[in-house]
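All remarks here apply to the structure that follows.
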Amino acid sequence: QVQLVESGGGLVQPGGSLRLSCATSASLFSIYTMGWYRQAPGKQRELVATVTSAGMSNYADSVKGRFTISRDNAKKTVLLQMNSLKPEDTAVYYCNAAYFSSSYWGQGTQVTVSS
């Protein structure tokens with residue numbers, strides 16, 4: 001079982017920045033594709049960004065150019081740097097670790113973008 005713990009959420013004004021962090025207990029962290037997803041009230045959970053074990057990243061069109069995902073295999077963490085935040089970025093953000101049919105989720109961290 002892989003445990004994921006997110007941190008870094010909070011309240012920020014439009015145009016501001018936040019950095020989310022996800023720490024894992026995975027002994028073989030480097031093999032997992034790591035990702036960030038989000039779920040706004042009344043909406044389905046959606047992909048934000050992923051980074052593969054090889055370091056290749058993928059982003060939702062809505063966050064391209066504003067968000068950056070990165071991973072540190074030595075520290076077993078994955079980060080999501082969020083810049084130029086918009087009210088529509090408001091959601092609970094979840095960290096995910098995936099390897100073939102295995103998929104693990106964190107408890108989520110709230111991000112609220114509001115003036």
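Chain identifiers are assigned as A, B, and so on, following the order in which chains appear in the structure tokens; residues are numbered from 1 within each chain, and ligands are numbered from 1 in order of appearance.
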* Do a neighbour search on segment 34-40 of chain A at 7 Å with only C-alpha atoms, toss out local chain neighbours closer than 2 positions, and write the hits as a VMD selection string. => chain A and resid 32 42 to 52 90 to 98
* Asked: Looking only at the backbone, which of the residues in chain A does DSSP tag as helix (DSSP H, G or I), as a PyMOL selection string?
  -> chain A and resi 29-31+87-89
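Omitting segment 77-82 of chain A and its sequence neighbours fewer than 3 positions away, and counting only C-alpha atoms, the residues within 6 Å are Ser17, Leu18, Arg19, Leu20, Ser21, Cys22, Ala23, Phe67, Thr68, Ile69, Ser70, Arg71 and Asp72 of chain A.
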Would you put the residues from that selection into a file with N, CA, C and O atoms, as a tab-separated table (two decimals), in the first residue's frame?
chain	number	residue	atom	x	y	z
A	17	SER	N	0.04	32.69	-6.66
A	17	SER	CA	0.71	31.41	-6.85
A	17	SER	C	0.60	30.55	-5.60
A	17	SER	O	0.50	31.07	-4.48
A	18	LEU	N	0.63	29.25	-5.82
A	18	LEU	CA	0.71	28.27	-4.75
A	18	LEU	C	1.58	27.13	-5.23
A	18	LEU	O	1.65	26.86	-6.44
A	19	ARG	N	2.21	26.44	-4.28
A	19	ARG	CA	2.95	25.24	-4.63
A	19	ARG	C	2.43	24.09	-3.78
A	19	ARG	O	2.49	24.15	-2.54
A	20	LEU	N	1.93	23.08	-4.46
A	20	LEU	CA	1.46	21.87	-3.79
A	20	LEU	C	2.58	20.84	-3.73
A	20	LEU	O	3.37	20.73	-4.66
A	21	SER	N	2.59	20.09	-2.64
A	21	SER	CA	3.59	19.05	-2.47
A	21	SER	C	2.89	17.74	-2.11
A	21	SER	O	1.88	17.74	-1.39
A	22	CYS	N	3.43	16.65	-2.60
A	22	CYS	CA	2.90	15.32	-2.29
A	22	CYS	C	4.06	14.44	-1.86
A	22	CYS	O	4.99	14.21	-2.64
A	23	ALA	N	4.00	13.98	-0.64
A	23	ALA	CA	5.02	13.07	-0.11
A	23	ALA	C	4.47	11.66	-0.11
A	23	ALA	O	3.29	11.44	0.18
A	67	PHE	N	0.91	26.04	-14.86
A	67	PHE	CA	1.28	25.05	-13.85
A	67	PHE	C	2.50	24.26	-14.31
A	67	PHE	O	2.67	24.01	-15.51
A	68	THR	N	3.32	23.84	-13.34
A	68	THR	CA	4.47	23.01	-13.63
A	68	THR	C	4.55	21.87	-12.62
A	68	THR	O	4.54	22.11	-11.41
A	69	ILE	N	4.61	20.65	-13.14
A	69	ILE	CA	4.75	19.47	-12.29
A	69	ILE	C	6.21	19.03	-12.30
A	69	ILE	O	6.88	19.10	-13.33
A	70	SER	N	6.69	18.59	-11.14
A	70	SER	CA	8.06	18.10	-11.06
A	70	SER	C	8.12	17.01	-10.00
A	70	SER	O	7.26	16.93	-9.13
A	71	ARG	N	9.16	16.19	-10.10
A	71	ARG	CA	9.32	15.11	-9.13
A	71	ARG	C	10.75	15.05	-8.65
A	71	ARG	O	11.68	15.38	-9.40
A	72	ASP	N	10.91	14.61	-7.40
A	72	ASP	CA	12.23	14.42	-6.82
A	72	ASP	C	12.26	12.99	-6.31
A	72	ASP	O	11.69	12.69	-5.26
* Assign secondary structure with DSSP using the backbone only, and return the residues of segment 38-91 of chain A in strand (DSSP E) as a PyMOL selection string. => chain A and resi 38-39+46-51+57-59+67-72+77-82+91
* **Residue nearest Asp89 of chain A - candidates A:Pro14, A:Gly8, A:Gly65, A:Gly108, atoms counted: only C-alpha atoms** => A:Pro14
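Comparing A:Val5, A:Glu88, A:Gly55, A:Thr109 by their smallest distance to Thr24 of chain A, the closest is A:Val5 (using only C-alpha atoms).
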* From A:Val2, A:Ile31, A:Leu11, A:Val113, residue lying nearest Lys86 of chain A [only C-alpha atoms] -> A:Val113
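Atom pair atom CA of Thr33 of chain A / atom CA of Asp61 of chain A: separated by 19.2 Å.
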